[in-house]
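Asks: Quick one, my_file_22.txt (compact mmCIF, C-alpha atoms):
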```
# COMPACT_ATOMS: atom_id res chain seq x y z
CA MET C 1368 67.12 13.68 56.56
CA PRO C 1369 70.21 15.64 55.37
CA LEU C 1370 72.93 16.21 57.96
CA VAL C 1371 73.47 20.00 58.08
CA LEU C 1372 75.75 21.65 60.63
CA THR C 1373 74.02 25.04 60.72
CA GLU C 1374 70.62 23.48 61.44
CA GLN C 1375 71.39 20.87 64.14
CA ARG C 1376 73.23 21.78 67.34
CA SER C 1377 73.78 18.16 68.41
CA LEU C 1378 75.26 17.44 64.98
CA ARG C 1379 77.61 20.42 65.32
CA PHE C 1380 78.90 19.19 68.66
CA GLY C 1381 79.16 15.59 67.47
CA ALA C 1382 80.81 16.45 64.14
CA PHE C 1383 83.46 18.71 65.64
CA CYS C 1384 84.14 16.13 68.31
CA ALA C 1385 84.67 13.49 65.57
CA PHE C 1386 86.91 15.77 63.49
CA TYR C 1387 89.10 16.46 66.50
CA PHE C 1388 89.15 12.76 67.39
CA ALA C 1389 90.76 12.12 63.99
CA GLN C 1390 93.47 14.70 64.80
CA GLY C 1391 94.04 12.99 68.13
CA VAL C 1392 94.84 9.60 66.57
CA PRO C 1393 98.32 10.54 65.25
CA LEU C 1394 98.96 12.57 68.40
CA GLY C 1395 98.36 9.48 70.51
CA LEU C 1396 100.72 7.44 68.37
CA LEU C 1397 103.52 9.99 67.88
CA SER C 1398 103.35 12.05 71.08
CA VAL C 1399 102.39 9.42 73.67
CA ALA C 1400 103.07 5.84 72.55
CA VAL C 1401 106.32 6.26 70.63
CA PRO C 1402 108.03 8.54 73.21
CA ALA C 1403 107.08 6.15 76.02
CA TRP C 1404 108.47 3.23 74.03
CA LEU C 1405 111.69 5.15 73.33
CA ALA C 1406 111.99 6.02 77.03
CA GLU C 1407 111.71 2.32 77.82
CA GLN C 1408 114.66 1.82 75.47
CA GLN C 1409 116.58 4.27 77.72
CA ALA C 1410 116.45 7.25 75.37
CA SER C 1411 117.59 10.35 77.25
CA VAL C 1412 115.33 13.27 78.15
CA GLY C 1413 117.16 15.30 75.49
CA GLU C 1414 116.54 12.69 72.78
CA LEU C 1415 112.87 12.56 73.71
CA ALA C 1416 112.68 16.35 73.58
CA LEU C 1417 114.23 16.35 70.08
CA PHE C 1418 111.88 13.67 68.75
CA THR C 1419 108.71 15.27 70.14
CA SER C 1420 109.80 18.72 68.92
CA VAL C 1421 110.49 17.57 65.34
CA VAL C 1422 107.23 15.66 64.89
CA SER C 1423 105.24 18.54 66.41
CA LEU C 1424 106.79 21.22 64.15
CA PRO C 1425 103.94 21.12 61.56
CA TRP C 1426 101.57 22.37 64.23
CA ALA C 1427 103.74 25.48 64.41
CA GLY C 1428 103.38 26.00 60.65
CA LYS C 1429 99.60 25.97 60.41
CA LEU C 1430 99.47 29.57 59.26
CA VAL C 1431 100.84 28.43 55.87
CA ALA C 1432 97.52 26.71 55.11
CA GLY C 1433 95.25 29.46 56.42
CA PRO C 1434 95.70 32.03 53.61
CA PHE C 1435 94.92 29.40 50.97
CA MET C 1436 91.76 28.36 52.80
CA ASP C 1437 90.55 31.94 53.13
CA ARG C 1438 91.32 32.82 49.50
CA PHE C 1439 90.57 29.62 47.57
CA THR C 1440 87.18 28.10 48.24
CA PHE C 1441 84.63 25.92 46.49
CA LEU C 1442 81.46 27.36 47.97
CA PRO C 1443 79.04 24.84 46.38
CA MET C 1444 80.51 22.28 48.83
CA GLY C 1445 80.77 24.71 51.74
CA PHE C 1446 83.14 27.40 52.91
CA ARG C 1447 85.62 25.12 54.77
CA ARG C 1448 84.40 21.57 54.18
CA PRO C 1449 86.40 20.88 50.96
CA TRP C 1450 89.61 21.61 52.87
CA VAL C 1451 88.54 19.31 55.71
CA LEU C 1452 87.99 16.50 53.19
CA PHE C 1453 91.39 17.11 51.56
CA ALA C 1454 93.28 17.13 54.85
CA GLN C 1455 91.45 14.08 56.17
CA ALA C 1456 92.33 12.13 53.03
CA GLY C 1457 95.98 13.18 53.29
CA LEU C 1458 96.10 12.17 56.94
CA THR C 1459 94.78 8.71 56.06
CA VAL C 1460 97.37 8.23 53.30
CA SER C 1461 100.25 9.46 55.48
CA LEU C 1462 99.37 6.93 58.19
CA VAL C 1463 99.47 4.20 55.53
CA VAL C 1464 102.95 5.43 54.53
CA LEU C 1465 103.95 5.38 58.19
CA ALA C 1466 102.88 1.73 58.35
CA LEU C 1467 105.20 0.99 55.41
CA THR C 1468 108.19 2.87 56.88
CA PRO C 1469 111.09 0.64 58.04
CA PHE C 1470 111.92 1.27 61.68
CA ASP C 1471 115.16 0.92 63.59
CA VAL C 1472 115.40 2.03 67.20
CA ASP C 1473 118.99 3.17 66.63
CA ALA C 1474 118.07 5.25 63.56
CA ILE C 1475 114.76 7.00 64.10
CA ALA C 1476 115.20 9.72 61.44
CA PRO C 1477 112.77 8.04 58.94
CA LEU C 1478 110.15 7.81 61.67
CA MET C 1479 110.61 11.50 62.48
CA VAL C 1480 110.27 12.47 58.80
CA VAL C 1481 107.06 10.51 58.19
CA GLY C 1482 105.74 11.60 61.58
CA PHE C 1483 106.38 15.19 60.53
CA VAL C 1484 104.36 14.69 57.31
CA THR C 1485 101.55 12.94 59.17
CA ASN C 1486 101.23 15.81 61.60
CA ALA C 1487 101.35 18.25 58.68
CA PHE C 1488 98.06 16.84 57.39
CA ALA C 1489 96.63 16.70 60.91
CA ALA C 1490 97.55 20.36 61.39
CA THR C 1491 96.01 21.29 58.02
CA GLN C 1492 92.79 19.59 59.04
CA ASP C 1493 92.89 21.45 62.33
CA VAL C 1494 93.05 24.80 60.50
CA ALA C 1495 90.10 23.86 58.28
CA VAL C 1496 87.99 22.53 61.16
CA ASP C 1497 88.69 25.58 63.32
CA GLY C 1498 87.71 27.88 60.45
CA MET C 1499 84.53 25.88 59.96
CA ALA C 1500 83.74 26.07 63.68
CA ILE C 1501 84.17 29.86 63.78
CA ASP C 1502 81.92 30.10 60.73
CA VAL C 1503 79.01 27.91 61.85
CA LEU C 1504 79.04 28.09 65.66
CA PRO C 1505 76.93 30.78 67.38
CA MET C 1506 78.89 32.77 69.96
CA ASN C 1507 76.90 31.29 72.86
CA GLU C 1508 77.86 27.74 71.89
CA ARG C 1509 81.63 28.15 71.62
CA GLY C 1510 82.52 27.22 75.19
CA ARG C 1511 80.52 23.98 75.00
CA ALA C 1512 81.64 23.27 71.45
CA ASN C 1513 85.29 23.75 72.38
CA ALA C 1514 84.79 21.42 75.32
CA PHE C 1515 83.50 18.75 72.90
CA MET C 1516 86.29 19.49 70.44
CA ALA C 1517 88.91 19.24 73.15
CA PHE C 1518 87.24 16.06 74.38
CA GLY C 1519 87.35 14.61 70.88
CA GLN C 1520 91.04 15.32 70.44
CA VAL C 1521 91.94 13.99 73.88
CA ALA C 1522 89.69 10.96 73.39
CA GLY C 1523 91.57 10.23 70.17
CA SER C 1524 95.03 10.87 71.58
CA SER C 1525 94.39 9.10 74.89
CA SER C 1526 92.66 6.01 73.50
CA PHE C 1527 95.21 5.60 70.71
CA GLY C 1528 98.06 6.57 73.00
CA ALA C 1529 97.12 3.72 75.31
CA LEU C 1530 96.25 1.30 72.50
CA CYS C 1531 99.34 2.05 70.41
CA GLY C 1532 101.56 2.00 73.48
CA THR C 1533 100.30 -1.50 74.21
CA LEU C 1534 100.46 -2.74 70.62
CA LEU C 1535 103.82 -1.31 69.51
CA PRO C 1536 106.02 -3.80 71.40
CA VAL C 1537 103.67 -6.66 70.49
CA ILE C 1538 102.70 -6.27 66.82
CA GLY C 1539 105.12 -3.56 65.67
CA LEU C 1540 104.79 -0.21 63.97
CA ALA C 1541 103.30 -1.44 60.67
CA MET C 1542 100.16 -3.00 62.14
CA THR C 1543 99.76 -0.27 64.75
CA ALA C 1544 99.89 2.55 62.18
CA SER C 1545 97.53 0.59 59.90
CA LEU C 1546 94.94 0.50 62.67
CA CYS C 1547 95.28 4.28 63.02
CA ALA C 1548 94.80 4.70 59.26
CA VAL C 1549 91.58 2.63 59.24
CA THR C 1550 90.15 4.73 62.08
CA VAL C 1551 90.89 8.04 60.36
CA ALA C 1552 89.45 6.71 57.08
CA ALA C 1553 86.18 5.90 58.85
CA ILE C 1554 85.89 9.50 60.08
CA PHE C 1555 86.64 10.68 56.54
CA GLY C 1556 83.49 8.83 55.51
CA PHE C 1557 81.52 10.82 58.09
CA VAL C 1558 82.88 14.15 56.77
CA ALA C 1559 81.73 13.13 53.29
CA VAL C 1560 78.03 13.00 54.31
CA VAL C 1561 77.78 16.17 56.43
CA ARG C 1562 77.01 19.54 54.85
CA GLU C 1563 77.79 22.94 56.30
CA ARG C 1564 74.56 24.56 55.07
CA PRO C 1565 71.35 23.27 53.44
CA GLY C 1566 71.39 22.88 49.68
CA GLU C 1567 75.15 22.49 49.30
CA ARG C 1568 76.80 19.63 47.42
CA LEU C 1569 78.15 16.58 49.21
CA LEU C 1570 80.78 15.94 46.50
CA PRO C 1571 82.03 18.01 43.53
CA TRP C 1572 79.87 16.06 41.08
CA SER C 1573 76.75 16.10 43.28
CA THR C 1574 73.81 18.47 42.87
CA GLY C 1575 73.64 21.60 45.01
CA LYS C 1576 74.61 25.25 45.06
CA ALA C 1577 76.54 27.78 47.09
CA VAL C 1578 74.77 29.64 49.89
CA ALA C 1579 74.99 33.44 49.88
CA ARG C 1580 77.31 34.89 52.54
CA VAL C 1581 77.47 38.31 54.21
CA GLU C 1582 81.27 38.29 54.55
CA VAL C 1583 83.43 36.77 51.84
CA ALA C 1584 87.13 36.64 51.15
CA ALA C 1585 88.68 39.66 49.52
CA PRO C 1586 89.29 39.23 45.77
CA ARG C 1587 93.07 39.57 46.10
CA VAL C 1588 95.42 37.65 48.40
CA VAL C 1589 97.12 40.91 49.35
CA ASP C 1590 93.77 42.29 50.57
CA ASN C 1591 93.28 39.21 52.71
CA PHE C 1592 96.66 39.80 54.31
CA LEU C 1593 95.85 43.46 54.93
CA ASP C 1594 92.62 42.47 56.69
CA LEU C 1595 94.50 39.83 58.65
CA PHE C 1596 97.14 42.34 59.73
CA ARG C 1597 94.51 44.83 60.86
CA VAL C 1598 92.85 42.35 63.21
CA LEU C 1599 96.03 40.68 64.45
CA VAL C 1600 97.59 43.92 65.67
CA LEU C 1601 94.59 44.94 67.77
CA PRO C 1602 95.84 45.36 71.36
CA MET C 1603 93.95 42.47 72.95
CA SER C 1604 95.01 40.16 70.13
CA LEU C 1605 98.68 40.91 70.76
CA LEU C 1606 98.23 40.57 74.51
CA LEU C 1607 96.55 37.17 74.37
CA VAL C 1608 99.23 35.89 72.00
CA ALA C 1609 101.98 36.95 74.40
CA THR C 1610 100.11 35.63 77.43
CA SER C 1611 99.43 32.22 75.94
CA PHE C 1612 102.94 31.91 74.45
CA ALA C 1613 104.46 31.62 77.93
CA TYR C 1614 102.11 28.76 78.74
CA PHE C 1615 102.80 26.96 75.47
CA LEU C 1616 106.56 27.10 76.00
CA ARG C 1617 105.85 24.74 78.88
CA GLY C 1618 104.21 22.35 76.39
CA GLY C 1619 107.60 21.54 74.87
CA ILE C 1620 108.95 20.51 78.26
CA VAL C 1621 106.11 18.56 79.83
CA THR C 1622 106.09 15.44 77.61
CA PRO C 1623 109.79 14.50 77.88
CA VAL C 1624 109.96 15.38 81.59
CA TYR C 1625 106.83 13.52 82.69
CA THR C 1626 107.61 10.53 80.46
CA ALA C 1627 111.23 10.17 81.60
CA PHE C 1628 110.32 10.77 85.24
CA ALA C 1629 107.65 8.07 85.26
CA VAL C 1630 109.59 5.46 83.27
CA GLN C 1631 113.18 6.04 84.37
CA GLU C 1632 112.72 7.45 87.88
CA LEU C 1633 109.61 5.60 89.07
CA GLY C 1634 110.17 2.40 87.07
CA MET C 1635 106.96 2.28 85.03
CA SER C 1636 107.00 0.40 81.73
CA GLY C 1637 106.56 2.30 78.47
CA ALA C 1638 103.19 0.65 77.83
CA GLY C 1639 102.16 1.24 81.43
CA TYR C 1640 102.93 4.93 81.23
CA SER C 1641 101.12 5.26 77.87
CA GLN C 1642 98.01 3.73 79.44
CA PHE C 1643 98.34 5.86 82.57
CA ALA C 1644 98.84 9.16 80.71
CA SER C 1645 96.07 8.34 78.26
CA GLY C 1646 93.66 7.51 81.07
CA MET C 1647 94.43 10.80 82.82
CA SER C 1648 93.95 12.74 79.59
CA PHE C 1649 90.61 11.07 78.93
CA ALA C 1650 89.36 11.74 82.46
CA ALA C 1651 90.40 15.39 82.12
CA ALA C 1652 88.56 15.62 78.78
CA VAL C 1653 85.36 14.30 80.37
CA ILE C 1654 85.65 16.90 83.11
CA GLY C 1655 86.19 19.52 80.41
CA VAL C 1656 82.91 18.56 78.71
CA VAL C 1657 81.08 18.85 82.04
CA MET C 1658 82.59 22.29 82.58
CA GLY C 1659 81.73 23.52 79.06
CA PRO C 1660 78.30 25.04 79.92
CA PHE C 1661 79.81 26.83 82.93
CA ILE C 1662 82.56 28.26 80.74
CA ASP C 1663 79.87 29.65 78.40
CA ARG C 1664 77.93 31.06 81.35
CA PHE C 1665 80.72 32.68 83.35
CA GLY C 1666 83.24 33.36 80.56
CA PRO C 1667 86.43 31.58 79.54
CA ARG C 1668 88.78 34.21 80.99
CA ARG C 1669 87.85 33.40 84.58
CA PHE C 1670 88.37 29.68 84.11
CA LEU C 1671 91.65 30.27 82.29
CA MET C 1672 93.00 32.38 85.14
CA GLY C 1673 92.03 29.76 87.71
CA ALA C 1674 93.67 26.98 85.70
CA LEU C 1675 96.91 28.92 85.23
CA VAL C 1676 97.20 29.73 88.94
CA ALA C 1677 96.46 26.10 89.86
CA GLY C 1678 99.06 24.89 87.39
CA ALA C 1679 101.69 27.23 88.82
CA VAL C 1680 101.01 26.05 92.37
CA CYS C 1681 101.06 22.34 91.43
CA HIS C 1682 104.36 22.61 89.57
CA LEU C 1683 105.89 24.69 92.32
CA VAL C 1684 105.04 22.01 94.89
CA ALA C 1685 106.26 19.26 92.53
CA GLY C 1686 109.54 21.10 92.02
CA LEU C 1687 110.13 21.41 95.75
CA VAL C 1688 109.45 17.72 96.50
CA ALA C 1689 110.60 16.08 93.23
CA ASP C 1690 113.68 14.50 94.79
CA ASP C 1691 111.44 12.67 97.28
CA LEU C 1692 108.62 11.99 94.84
CA ASP C 1693 109.05 8.23 94.56
CA ASP C 1694 105.46 7.20 95.24
CA LEU C 1695 103.32 6.34 92.22
CA ILE C 1696 100.15 7.39 94.05
CA VAL C 1697 101.54 10.85 94.80
CA PHE C 1698 102.81 11.22 91.24
CA GLY C 1699 99.46 10.00 89.91
CA SER C 1700 97.59 12.56 91.98
CA LEU C 1701 99.80 15.33 90.66
CA ALA C 1702 99.28 14.08 87.10
CA VAL C 1703 95.50 14.10 87.51
CA VAL C 1704 95.45 17.73 88.64
CA VAL C 1705 97.88 18.81 85.95
CA HIS C 1706 95.90 17.07 83.20
CA ILE C 1707 92.67 18.76 84.34
CA VAL C 1708 94.42 22.12 84.44
CA GLY C 1709 95.82 21.56 80.94
CA GLN C 1710 92.41 20.63 79.58
CA VAL C 1711 90.76 23.74 81.01
CA VAL C 1712 93.55 25.91 79.58
CA PHE C 1713 93.15 24.25 76.17
CA ILE C 1714 89.37 24.80 76.09
CA THR C 1715 89.41 28.38 77.32
CA VAL C 1716 92.35 29.60 75.23
CA ILE C 1717 90.71 28.26 72.06
CA ALA C 1718 87.39 29.88 72.99
CA LEU C 1719 89.10 33.24 73.62
CA PHE C 1720 91.03 33.08 70.37
CA MET C 1721 87.85 32.21 68.45
CA ASN C 1722 86.13 35.24 69.97
CA LEU C 1723 88.95 37.44 68.68
CA CYS C 1724 88.50 36.26 65.06
CA TRP C 1725 87.10 38.22 62.13
CA THR C 1726 84.94 35.80 60.09
CA LYS C 1727 86.23 36.80 56.64
CA VAL C 1728 89.83 35.86 57.56
CA ALA C 1729 89.00 33.46 60.37
CA ALA C 1730 90.86 30.43 59.02
CA THR C 1731 94.09 32.37 58.63
CA GLN C 1732 93.69 34.40 61.82
CA PHE C 1733 92.94 31.41 63.99
CA ALA C 1734 95.69 29.45 62.25
CA VAL C 1735 98.13 32.23 63.17
CA TYR C 1736 97.05 32.04 66.80
CA MET C 1737 97.35 28.27 66.91
CA ALA C 1738 100.59 28.30 64.92
CA LEU C 1739 102.12 30.71 67.40
CA ALA C 1740 100.94 28.45 70.21
CA ASN C 1741 102.64 25.52 68.55
CA VAL C 1742 105.73 27.61 67.85
CA GLY C 1743 105.78 28.02 71.62
CA ILE C 1744 105.60 24.26 72.15
CA ALA C 1745 108.30 23.52 69.59
CA SER C 1746 110.47 26.38 70.87
CA GLY C 1747 110.11 25.13 74.41
CA GLY C 1748 111.32 21.70 73.33
CA PHE C 1749 114.26 23.00 71.30
CA MET C 1750 115.31 25.45 74.05
CA PHE C 1751 115.04 22.69 76.63
CA TYR C 1752 116.98 20.13 74.57
CA PRO C 1753 120.54 21.49 75.20
CA VAL C 1754 120.05 21.75 78.98
CA ALA C 1755 117.63 18.90 79.62
CA ASP C 1756 120.23 16.35 80.66
CA HIS C 1757 121.92 18.86 83.00
CA LEU C 1758 118.86 19.75 85.10
CA THR C 1759 117.21 17.80 87.89
CA PHE C 1760 113.56 16.87 87.66
CA GLY C 1761 112.87 19.34 90.46
CA GLN C 1762 114.35 22.17 88.39
CA ASP C 1763 112.27 21.06 85.40
CA PHE C 1764 109.07 21.38 87.44
CA LEU C 1765 110.08 24.79 88.78
CA ILE C 1766 110.68 26.09 85.24
CA MET C 1767 107.17 24.99 84.29
CA ALA C 1768 105.75 26.69 87.40
CA GLY C 1769 107.37 29.95 86.31
CA LEU C 1770 105.84 29.72 82.83
CA PHE C 1771 102.37 29.16 84.30
CA ALA C 1772 102.81 32.20 86.55
CA ALA C 1773 104.01 34.43 83.69
CA SER C 1774 100.97 33.51 81.61
CA ALA C 1775 98.59 34.24 84.52
CA PHE C 1776 100.19 37.66 85.04
CA GLY C 1777 99.63 38.64 81.40
CA LEU C 1778 95.98 37.55 81.50
CA VAL C 1779 95.25 40.10 84.24
CA PHE C 1780 95.29 42.85 81.58
CA PHE C 1781 93.11 41.08 78.96
CA ARG C 1782 89.72 42.72 78.15
CA GLU C 1783 87.58 40.90 75.57
CA ALA C 1784 84.89 43.62 75.37
CA ALA C 1785 87.45 46.17 74.21
CA HIS C 1786 88.48 43.86 71.36
CA ALA C 1787 84.82 43.31 70.36
CA ARG C 1788 84.32 47.06 69.92
CA ARG C 1789 87.42 47.40 67.76
CA LEU C 1790 86.45 44.35 65.69
CA GLU C 1791 82.97 45.76 65.03
CA ALA C 1792 84.57 48.97 63.79
CA LEU C 1793 86.72 46.95 61.37
CA ARG C 1794 83.64 45.13 60.06
CA ALA C 1795 81.76 48.41 59.54
CA ARG C 1796 84.63 49.95 57.58
CA ALA C 1797 85.03 46.82 55.43
CA LEU C 1798 81.30 46.69 54.54
CA ALA C 1799 81.28 50.40 53.73
CA THR C 1800 84.02 50.08 51.09
```
Rewrite the coordinates I just gave you, this time as structure tokens.

Replies:
Amino acid sequence: MPLVLTEQRSLRFGAFCAFYFAQGVPLGLLSVAVPAWLAEQQASVGELALFTSVVSLPWAGKLVAGPFMDRFTFLPMGFRRPWVLFAQAGLTVSLVVLALTPFDVDAIAPLMVVGFVTNAFAATQDVAVDGMAIDVLPMNERGRANAFMAFGQVAGSSSFGALCGTLLPVIGLAMTASLCAVTVAAIFGFVAVVRERPGERLLPWSTGKAVARVEVAAPRVVDNFLDLFRVLVLPMSLLLVATSFAYFLRGGIVTPVYTAFAVQELGMSGAGYSQFASGMSFAAAVIGVVMGPFIDRFGPRRFLMGALVAGAVCHLVAGLVADDLDDLIVFGSLAVVVHIVGQVVFITVIALFMNLCWTKVAATQFAVYMALANVGIASGGFMFYPVADHLTFGQDFLIMAGLFAASAFGLVFFREAAHARRLEALRARALAT
């Protein structure tokens, strides 16, 4: 029986979960395991902030890939699937190159460069997968689907964060990165046998044909950009971008602060913290999957508001007691709550951004949203870097509490129904011309 995304809901959920798992593999290696190992080598909070910011930069540049995906397609193989295959192949090759990269703890520039390239392919895949999801997922499945997608990414990053954190000091970077490459290659094989729609080709030389579409890309790149501009500047689009940007600034601070606090302040080992953080992320992802149907039922905005308020309160309390926070159990409890909050924010923000998208420019539009989110993360890290070593951990937590609160305040004014009416008017005008 052919595997077709538009015809099988369980396949849609499973496939998007697998695609996001592949993106999580390099995240676990480069954003969890390596920073924890560097912290164990007594790298400063500022050095950790610089490393994590550089390797995460490609996620801020995802909008570069979006216009090409919207304009250049090979419809006989599906609207987005050829780009998913390309990015997945590049991610596999870049992990092989990472395995061959010489590593010196006192000169980590080569690692940052190859890590940057690796995440560039992961980010490109993310754009393609998100565009595919917007294209094939019914509106009433997006909360659950995003829960599975978020679960897949966290399952990949947490399992490989823990595994790579354990293996790095034992077998070294070459073998650890090779294991990551084999895993991503296996998922590439899965992408190769799944079609978007019935009758399409599996490979360029296979039999099959393109499926007719109601909305297609404009014939000229400039027209695509005009359509993109029209939908991006709608009021609710601008508001959600600004609201989420405050939250994502916090993303550039959280990894170096939590890692340094656990390893250097509480005395955890690098491998121990990798396992701990990965376990918390995985547990939060499971909870996110359980919450997915409720997010679909009651709407992502409500859950997002609750998560932002909870995050602000948790970080405020942590900031007030950080100087006395020397108990691993207390820190662990805080980490559990914060990971759950982060997972709910991740799921609901993605669902809201998907609901704002216009199908004909969805890959670019969603890429812009996610790129701006990642610009926030990278900007937070770079802004934090000059002052990181001059602040106390308590002040770090209070800064994060303020960013949570600012994001919650902006969300008060968000109205999704108003955007839906404006988007329908754009569609009607486009079809009439």

Asks: Which polymer residues have any atom within 12 Å of an atom of Ala1785 (chain C), counting only C-alpha atoms, with same-chain residues fewer than 5 positions away left out, as a PDB file with C-alpha atoms, in the frame of the given file?

Replies:
```pdb
ATOM      1  CA  LEU C1601      94.590  44.940  67.770  1.00  0.00           C
ATOM      2  CA  PRO C1602      95.840  45.360  71.360  1.00  0.00           C
ATOM      3  CA  MET C1603      93.950  42.470  72.950  1.00  0.00           C
ATOM      4  CA  SER C1604      95.010  40.160  70.130  1.00  0.00           C
ATOM      5  CA  ASN C1722      86.130  35.240  69.970  1.00  0.00           C
ATOM      6  CA  LEU C1723      88.950  37.440  68.680  1.00  0.00           C
ATOM      7  CA  PHE C1780      95.290  42.850  81.580  1.00  0.00           C
ATOM      8  CA  LEU C1790      86.450  44.350  65.690  1.00  0.00           C
ATOM      9  CA  GLU C1791      82.970  45.760  65.030  1.00  0.00           C
ATOM     10  CA  ALA C1792      84.570  48.970  63.790  1.00  0.00           C
TER      11      ALA C1792
END
```

Asks: So what do you get for CA of Thr1622 (chain C) versus CA of Met1672 (chain C), distance-wise?

Replies: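 Interatomic distance, CA of Thr1622 (chain C) to CA of Met1672 (chain C): 22.7 Å.
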
Asks: For the atom pair CA of Thr1440 (chain C) and CA of Leu1599 (chain C), what is the interatomic distance in Å to one decimal place?

Replies: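 Going from CA of Thr1440 (chain C) over to CA of Leu1599 (chain C) covers 22.3 Å.
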
Asks: List every protein, DNA or RNA residue with an atom no more than 10 Å from (99.5, 25.9, 89.8) in the file's coordinates, counting all atoms listed in the file, and format the result as number ranges by chain.

Replies: C: 1673-1685, 1704-1705, 1708, 1767-1769, 1771-1772, 1775

Asks: Just C-alpha atoms for this one: save the residues we selected as a compact mmCIF listing (two decimals), in the frame of the given file.

Replies:
```
# COMPACT_ATOMS: atom_id res chain seq x y z
CA GLY C 1673 92.03 29.76 87.71
CA ALA C 1674 93.67 26.98 85.70
CA LEU C 1675 96.91 28.92 85.23
CA VAL C 1676 97.20 29.73 88.94
CA ALA C 1677 96.46 26.10 89.86
CA GLY C 1678 99.06 24.89 87.39
CA ALA C 1679 101.69 27.23 88.82
CA VAL C 1680 101.01 26.05 92.37
CA CYS C 1681 101.06 22.34 91.43
CA HIS C 1682 104.36 22.61 89.57
CA LEU C 1683 105.89 24.69 92.32
CA VAL C 1684 105.04 22.01 94.89
CA ALA C 1685 106.26 19.26 92.53
CA VAL C 1704 95.45 17.73 88.64
CA VAL C 1705 97.88 18.81 85.95
CA VAL C 1708 94.42 22.12 84.44
CA MET C 1767 107.17 24.99 84.29
CA ALA C 1768 105.75 26.69 87.40
CA GLY C 1769 107.37 29.95 86.31
CA PHE C 1771 102.37 29.16 84.30
CA ALA C 1772 102.81 32.20 86.55
CA ALA C 1775 98.59 34.24 84.52
```

Asks: Report the distance between CA of Arg1788 (chain C) and CA of Ala1495 (chain C) in Å, rounded to one decimal place.

Replies: 26.6 Å

Asks: Would you list the residues near (108.8, 4.1, 78.0) (no more than 10 Å away, in the coordinates of the file, using all atoms listed in the file) as a short mmCIF file (atom, residue, chain, number, x, y, z; two decimals) with C-alpha atoms, in the frame of the given file?

Replies:
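result-v8.cif written:
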```
data_model
loop_
_atom_site.label_atom_id
_atom_site.label_comp_id
_atom_site.auth_asym_id
_atom_site.auth_seq_id
_atom_site.Cartn_x
_atom_site.Cartn_y
_atom_site.Cartn_z
CA VAL C 1399 102.39 9.42 73.67
CA ALA C 1400 103.07 5.84 72.55
CA VAL C 1401 106.32 6.26 70.63
CA PRO C 1402 108.03 8.54 73.21
CA ALA C 1403 107.08 6.15 76.02
CA TRP C 1404 108.47 3.23 74.03
CA LEU C 1405 111.69 5.15 73.33
CA ALA C 1406 111.99 6.02 77.03
CA GLU C 1407 111.71 2.32 77.82
CA GLN C 1408 114.66 1.82 75.47
CA GLN C 1409 116.58 4.27 77.72
CA ALA C 1410 116.45 7.25 75.37
CA GLY C 1532 101.56 2.00 73.48
CA THR C 1626 107.61 10.53 80.46
CA ALA C 1627 111.23 10.17 81.60
CA PHE C 1628 110.32 10.77 85.24
CA ALA C 1629 107.65 8.07 85.26
CA VAL C 1630 109.59 5.46 83.27
CA GLN C 1631 113.18 6.04 84.37
CA GLY C 1634 110.17 2.40 87.07
CA MET C 1635 106.96 2.28 85.03
CA SER C 1636 107.00 0.40 81.73
CA GLY C 1637 106.56 2.30 78.47
CA ALA C 1638 103.19 0.65 77.83
CA GLY C 1639 102.16 1.24 81.43
CA TYR C 1640 102.93 4.93 81.23
CA SER C 1641 101.12 5.26 77.87
#
```

Asks: Once 4 Å is added on each side, what are the centre and the three edge lengths, in Å to one decimal, of the axis-aligned box enclosing the listed atoms of region 1760-1763 of chain C? Present them as AutoDock Vina command-line options.

Replies:
```
--center_x 113.3 --center_y 19.5 --center_z 87.9 --size_x 10.1 --size_y 13.3 --size_z 13.1
```

Asks: Report as a tab-separated table the residues of region 1432-1500 of chain C within 9 Å of region 1553-1563 of chain C, each with its shortest atom pair and distance in Å (one decimal), using all atoms listed in the file, ordered by chain and increasing residue number.

Replies:
```
residue	atom	partner	partner_atom	distance
C:Met1444	CA	C:Arg1562	CA	7.5
C:Gly1445	CA	C:Glu1563	CA	5.7
C:Phe1446	CA	C:Glu1563	CA	7.7
C:Arg1447	CA	C:Glu1563	CA	8.3
C:Arg1448	CA	C:Glu1563	CA	7.1
C:Val1451	CA	C:Val1558	CA	7.7
C:Leu1452	CA	C:Val1558	CA	6.7
C:Gln1455	CA	C:Phe1555	CA	5.9
C:Ala1456	CA	C:Phe1555	CA	6.8
C:Thr1459	CA	C:Phe1555	CA	8.4
C:Met1499	CA	C:Glu1563	CA	8.2
```

Asks: Can those selected residues be exported to a file as a CSV table (one decimal), in the frame of the given file so that it contains C-alpha atoms?

Replies:
```csv
chain,number,residue,atom,x,y,z
C,1444,MET,CA,80.5,22.3,48.8
C,1445,GLY,CA,80.8,24.7,51.7
C,1446,PHE,CA,83.1,27.4,52.9
C,1447,ARG,CA,85.6,25.1,54.8
C,1448,ARG,CA,84.4,21.6,54.2
C,1451,VAL,CA,88.5,19.3,55.7
C,1452,LEU,CA,88.0,16.5,53.2
C,1455,GLN,CA,91.4,14.1,56.2
C,1456,ALA,CA,92.3,12.1,53.0
C,1459,THR,CA,94.8,8.7,56.1
C,1499,MET,CA,84.5,25.9,60.0
```

Asks: At a cut-off of 12 Å, using all atoms listed in the file, what residues contact Phe1527 (chain C)? Leave out same-chain residues fewer than 2 positions from it and give the result as a ChimeraX atom specification.

Replies: /C:1388-1401,1519-1525,1529-1535,1543-1544,1546-1548,1550-1551,1638,1641-1642,1644-1646,1648-1649
